[in-house]
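run14.cif, holding mmCIF, C-alpha atoms:
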data_coords
#
loop_
_atom_site.label_atom_id
_atom_site.label_comp_id
_atom_site.auth_asym_id
_atom_site.auth_seq_id
_atom_site.Cartn_x
_atom_site.Cartn_y
_atom_site.Cartn_z
CA MET A 1 112.27 86.00 111.09
CA GLU A 2 112.86 82.28 111.55
CA GLU A 3 115.14 82.92 114.50
CA LEU A 4 112.57 85.20 116.08
CA ALA A 5 109.85 82.61 115.51
CA LYS A 6 111.91 80.04 117.35
CA GLU A 7 112.77 82.41 120.18
CA TYR A 8 109.10 83.32 120.72
CA ALA A 9 107.73 79.88 119.95
CA ASP A 10 106.17 79.40 123.39
CA ARG A 11 104.72 82.93 123.54
CA ALA A 12 103.46 83.71 120.04
CA THR A 13 102.22 82.06 116.84
CA PHE A 14 104.15 82.87 113.67
CA LEU A 15 102.46 82.33 110.31
CA PHE A 16 103.58 83.05 106.75
CA VAL A 17 100.99 83.78 104.06
CA TYR A 18 102.17 83.12 100.50
CA ILE A 19 100.65 85.78 98.25
CA ARG A 20 101.37 87.05 94.71
CA GLU A 21 104.97 87.26 93.58
CA ALA A 22 106.34 90.71 94.33
CA HIS A 23 109.07 90.61 91.67
CA PRO A 24 108.11 87.96 89.11
CA GLY A 25 110.62 86.87 86.50
CA GLU A 26 111.57 83.91 84.32
CA VAL A 27 112.38 81.62 87.24
CA PHE A 28 109.36 82.44 89.36
CA PRO A 29 106.77 84.12 87.14
CA HIS A 30 103.42 85.48 88.29
CA HIS A 31 100.95 82.84 89.39
CA THR A 32 98.53 81.51 86.81
CA SER A 33 97.22 78.45 88.68
CA LEU A 34 96.97 77.24 92.24
CA GLU A 35 98.83 74.09 91.26
CA GLN A 36 101.77 76.20 90.10
CA LYS A 37 101.63 78.27 93.28
CA VAL A 38 101.73 75.15 95.44
CA ARG A 39 104.69 73.88 93.41
CA HIS A 40 106.55 77.16 93.79
CA ALA A 41 105.83 77.26 97.51
CA GLN A 42 108.22 74.38 98.01
CA ALA A 43 111.01 76.92 97.48
CA PHE A 44 110.28 78.38 100.93
CA ARG A 45 111.02 75.08 102.60
CA GLU A 46 114.20 74.69 100.55
CA ARG A 47 115.26 78.11 101.81
CA GLY A 48 114.69 77.25 105.44
CA LEU A 49 111.28 78.76 106.18
CA GLU A 50 109.92 76.51 108.91
CA ARG A 51 106.85 78.51 109.94
CA PRO A 52 103.45 77.26 108.77
CA ILE A 53 103.01 78.44 105.16
CA LEU A 54 99.43 79.47 104.39
CA LEU A 55 98.44 79.49 100.74
CA ASP A 56 96.33 82.50 99.91
CA SER A 57 93.87 82.09 97.06
CA LEU A 58 95.12 82.81 93.56
CA ASP A 59 93.37 86.18 93.57
CA GLY A 60 94.78 87.08 96.97
CA GLU A 61 91.58 87.12 98.99
CA VAL A 62 93.28 87.36 102.39
CA ASN A 63 96.05 89.62 101.11
CA ARG A 64 93.43 92.08 99.86
CA MET A 65 91.55 91.79 103.14
CA TYR A 66 94.70 92.97 104.87
CA GLY A 67 95.69 95.79 102.52
CA ALA A 68 97.13 94.07 99.43
CA VAL A 69 100.72 95.17 99.93
CA SER A 70 103.31 92.66 98.70
CA ASN A 71 105.36 92.40 101.88
CA MET A 72 103.56 93.06 105.13
CA SER A 73 103.80 92.11 108.75
CA TRP A 74 100.89 92.19 111.16
CA ILE A 75 100.69 91.37 114.85
CA ILE A 76 97.34 90.39 116.30
CA ASP A 77 96.95 90.38 120.07
CA HIS A 78 95.52 87.62 122.23
CA THR A 79 91.98 89.00 121.83
CA GLY A 80 92.11 89.15 118.03
CA HIS A 81 92.79 92.88 117.70
CA VAL A 82 95.53 94.29 115.50
CA SER A 83 98.41 95.65 117.60
CA PHE A 84 100.96 96.29 114.85
CA ARG A 85 101.05 96.49 111.07
CA ALA A 86 103.76 97.50 108.63
CA THR A 87 104.44 97.39 104.91
CA TRP A 88 107.72 95.64 105.50
CA THR A 89 108.98 92.92 107.81
CA ALA A 90 111.82 94.03 110.06
CA ALA A 91 112.85 91.71 112.87
CA ASP A 92 113.63 94.52 115.34
CA ASP A 93 110.19 96.05 114.84
CA ILE A 94 108.49 92.71 115.27
CA ARG A 95 110.42 91.97 118.44
CA ALA A 96 109.55 95.33 119.99
CA ALA A 97 105.88 95.09 119.03
CA LEU A 98 105.57 91.52 120.24
CA ASP A 99 107.16 92.39 123.58
CA GLU A 100 104.71 95.26 124.05
CA THR A 101 101.75 93.16 122.98
CA LEU A 102 102.75 90.46 125.45
CA LEU A 103 103.33 92.99 128.23
CA ILE A 104 99.91 94.57 127.74
CA ARG A 105 98.33 91.13 127.98
CA GLU A 106 100.27 90.34 131.14
CA LEU A 107 99.41 93.61 132.87
CA ARG A 108 95.73 93.19 132.03
CA ARG A 109 95.76 89.65 133.36
CA GLN A 110 97.23 90.95 136.58
CA GLY A 111 94.43 93.49 136.78
CA GLN A 112 96.80 96.39 136.43
CA GLY A 113 94.78 98.05 133.71
CA ALA A 114 97.40 98.64 131.04
CA SER A 115 96.47 101.62 128.92
CA ALA A 116 97.45 101.31 125.29
CA TYR A 117 97.96 104.21 122.91
CA TYR A 118 97.91 104.50 119.14
CA ARG A 119 101.17 105.06 117.31
CA GLU A 120 102.30 105.36 113.70
CA THR A 121 105.91 105.41 112.60
CA MET A 122 107.87 105.35 109.36
CA GLY A 123 110.63 102.79 109.04
CA LEU A 124 113.76 102.73 106.93
CA LYS A 125 113.67 100.14 104.19
CA PRO A 126 117.07 99.96 102.53
CA THR A 127 117.25 99.65 98.74
CA PRO A 128 118.50 96.16 97.86
CA GLN A 129 122.19 96.37 97.12
CA ARG A 130 122.40 93.05 95.34
CA PRO A 131 119.20 92.46 93.38
CA GLU A 132 121.08 89.80 91.42
CA GLU A 133 120.40 87.57 94.38
CA TRP A 134 116.69 87.85 93.83
CA LEU A 135 115.06 84.59 92.92
CA GLY A 136 112.62 85.76 90.26
CA GLY A 137 115.12 85.95 87.43
CA GLN A 138 116.73 88.59 85.21
CA LYS A 139 113.39 90.11 84.29
CA ALA A 140 112.68 90.85 87.93
CA ILE A 141 116.04 92.58 88.26
CA ASP A 142 115.58 94.57 85.04
CA ASP A 143 112.12 95.71 86.10
CA PHE A 144 113.45 96.86 89.43
CA GLN A 145 116.44 98.69 87.96
CA LYS A 146 114.19 100.38 85.43
CA PHE A 147 111.94 101.64 88.15
CA VAL A 148 114.65 102.68 90.56
CA HIS A 149 117.17 104.21 88.20
CA LYS A 150 115.30 105.11 85.03
CA ALA A 151 111.89 106.19 86.19
CA PRO A 152 110.78 109.23 84.18
CA VAL A 153 111.35 112.43 86.03
CA PRO A 154 109.05 115.41 85.34
CA THR A 155 110.82 118.04 83.25
CA SER A 156 108.07 120.63 83.16
CA LYS A 157 109.12 124.17 83.91
CA SER A 158 108.11 125.61 87.20
CA LYS A 159 104.94 127.68 86.78
CA GLY A 160 104.73 130.37 89.32
CA GLY A 161 106.25 128.13 91.92
CA MET B 1 113.11 135.60 108.30
CA VAL B 2 115.25 133.01 106.60
CA LYS B 3 113.97 130.36 108.99
CA GLN B 4 110.39 131.31 108.23
CA GLU B 5 110.96 130.78 104.50
CA THR B 6 112.59 127.43 105.16
CA ARG B 7 109.53 126.28 107.05
CA THR B 8 107.35 126.65 103.97
CA GLU B 9 109.65 124.24 102.11
CA THR B 10 108.96 121.33 104.44
CA GLU B 11 109.93 118.10 102.79
CA PHE B 12 108.12 114.80 102.88
CA LEU B 13 109.86 111.71 101.57
CA GLY B 14 112.61 113.86 100.11
CA ARG B 15 110.24 116.07 98.14
CA PRO B 16 108.48 119.31 98.94
CA TYR B 17 105.26 118.66 100.80
CA ASN B 18 103.41 120.99 98.44
CA PHE B 19 104.96 119.56 95.30
CA ALA B 20 104.07 121.06 91.92
CA ASP B 21 104.68 117.94 89.86
CA TRP B 22 103.31 114.62 91.04
CA ARG B 23 105.43 111.64 90.31
CA PRO B 24 104.68 108.09 91.24
CA THR B 25 107.25 106.88 93.68
CA ALA B 26 106.76 103.44 95.14
CA GLU B 27 106.51 104.92 98.59
CA GLU B 28 103.67 107.24 97.73
CA ARG B 29 101.79 104.77 95.58
CA VAL B 30 101.94 101.72 97.78
CA TYR B 31 103.71 101.86 101.07
CA PHE B 32 101.92 104.79 102.58
CA GLN B 33 98.47 103.85 101.43
CA MET B 34 98.04 100.71 103.50
CA GLU B 35 94.43 99.68 103.24
CA GLY B 36 92.72 97.19 105.50
CA VAL B 37 91.87 97.37 109.19
CA LYS B 38 93.86 99.62 111.46
CA VAL B 39 95.64 99.02 114.73
CA GLY B 40 93.10 98.54 117.50
CA GLN B 41 90.47 97.00 115.23
CA MET B 42 89.55 93.33 115.00
CA ALA B 43 91.71 91.40 112.57
CA PRO B 44 89.56 89.99 109.74
CA ASP B 45 89.09 86.29 110.24
CA PHE B 46 90.03 83.76 107.58
CA THR B 47 90.73 80.09 107.04
CA LEU B 48 93.52 79.11 104.68
CA PRO B 49 95.11 75.79 103.77
CA THR B 50 98.72 75.27 104.73
CA LEU B 51 101.37 73.82 102.49
CA ASP B 52 101.29 70.76 104.71
CA GLY B 53 97.64 70.11 103.96
CA THR B 54 95.87 71.29 107.11
CA ASP B 55 93.60 74.32 107.49
CA ILE B 56 94.38 77.19 109.83
CA THR B 57 91.67 79.55 111.09
CA LEU B 58 92.93 82.79 112.56
CA SER B 59 90.24 83.14 115.24
CA ALA B 60 91.01 79.65 116.56
CA LEU B 61 94.44 80.86 117.64
CA ARG B 62 93.33 83.38 120.28
CA GLY B 63 95.22 83.54 123.55
CA LYS B 64 98.66 84.24 122.16
CA PRO B 65 99.78 87.05 119.86
CA ILE B 66 99.97 86.08 116.20
CA MET B 67 102.70 87.35 113.91
CA LEU B 68 101.30 87.26 110.39
CA GLU B 69 103.77 87.80 107.56
CA PHE B 70 102.62 88.22 103.96
CA GLY B 71 105.23 87.54 101.34
CA SER B 72 106.41 85.75 98.24
CA ILE B 73 109.49 84.00 96.93
CA THR B 74 110.59 86.96 94.88
#
Can the structure in the file be given as structure tokens, please?
Amino acid sequence: MEELAKEYADRATFLFVYIREAHPGEVFPHHTSLEQKVRHAQAFRERGLERPILLDSLDGEVNRMYGAVSNMSWIIDHTGHVSFRATWTAADDIRAALDETLLIRELRRQGQGASAYYRETMGLKPTPQRPEEWLGGQKAIDDFQKFVHKAPVPTSKSKGG
Amino acid sequence: MVKQETRTETEFLGRPYNFADWRPTAEERVYFQMEGVKVGQMAPDFTLPTLDGTDITLSALRGKPIMLEFGSIT
């Protein structure tokens, strides 16, 4: 996303909102104070995130305003209307949506009356192959593995199915 | 005839659409129940502090598209 932000720097504004930890563990546990959250946020800079980092309130006021999913991407057009939203951040999707959002603005500015339509799609989100690279800690990995591989599966007999 | 029967077994997210036993997959619980405003609606305005100490107000950034990513370290 950093590369995309740089490529579109003159055409779009990229912002990152730091919300609750999606996979808390020993290294980066769940937030219990704003001071701790600010301290943890430094990790983004250390990992090369150069976009403005917005600190959401401890109780996730803005996150909840926008749907409360842990990882989300939204694109807002030049008039303040939502033109794209997804429960994951995929660079290809963002690029395509940004290009369309920019094109619609351009056509309207030229008086060509661009008609927009509503669209919903489902995207493929691959299961992480190397959760050991997650930053939260072993607990975060264990929690994930438990959910993915050991989630209870209903064993009830089919009743008139 | 066989095709007709197959049609009643339409799958959604790898499970029968008319499933008999509900089970909480992450997809069903979270990722396909995205709350908040929809595409085409006004984005809710907010002001948040940045890590660098300044405030950013969404509505003050009109004119260019805004890519807003929500995320965490983990």
| task | Quote the spacing between CA of Leu58 (chain B) and CA of Ser33 (chain A) in Å to one decimal place. | result |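 Between CA of Leu58 (chain B) and CA of Ser33 (chain A) the gap works out to 24.6 Å.
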| For this file, the PyMOL selection byres ((chain B) within 6 of (chain A)) selects which residues, as a list of chain:residue names? | B:Tyr31, B:Met34, B:Glu35, B:Gly36, B:Val39, B:Gly40, B:Gln41, B:Met42, B:Ala43, B:Leu48, B:Pro49, B:Thr50, B:Leu51, B:Arg62, B:Gly63, B:Lys64, B:Pro65, B:Ile66, B:Met67, B:Leu68, B:Glu69, B:Phe70, B:Gly71, B:Ser72, B:Thr74
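Counting from CA of His31 (chain A), the distance to CA of Thr47 (chain B) is 20.6 Å.
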| said: Could you tell me how far CA of Pro44 (chain B) sits from CA of Ala60 (chain B), in Å to one decimal place? | reply: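 The value is 12.5 Å.
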Coordinates of box centre and edge lengths for region 35-40 of chain B, 4 Å on every side, axis-aligned, as JSON:
{"center_x": 93.8, "center_y": 98.4, "center_z": 110.4, "size_x": 11.8, "size_y": 10.5, "size_z": 22.3}
| query | Which of these residues is nearest to Leu4 (chain A), using only C-alpha atoms: A:Asp143, A:Glu50, A:Glu106, A:Glu100? | reply | A:Glu50
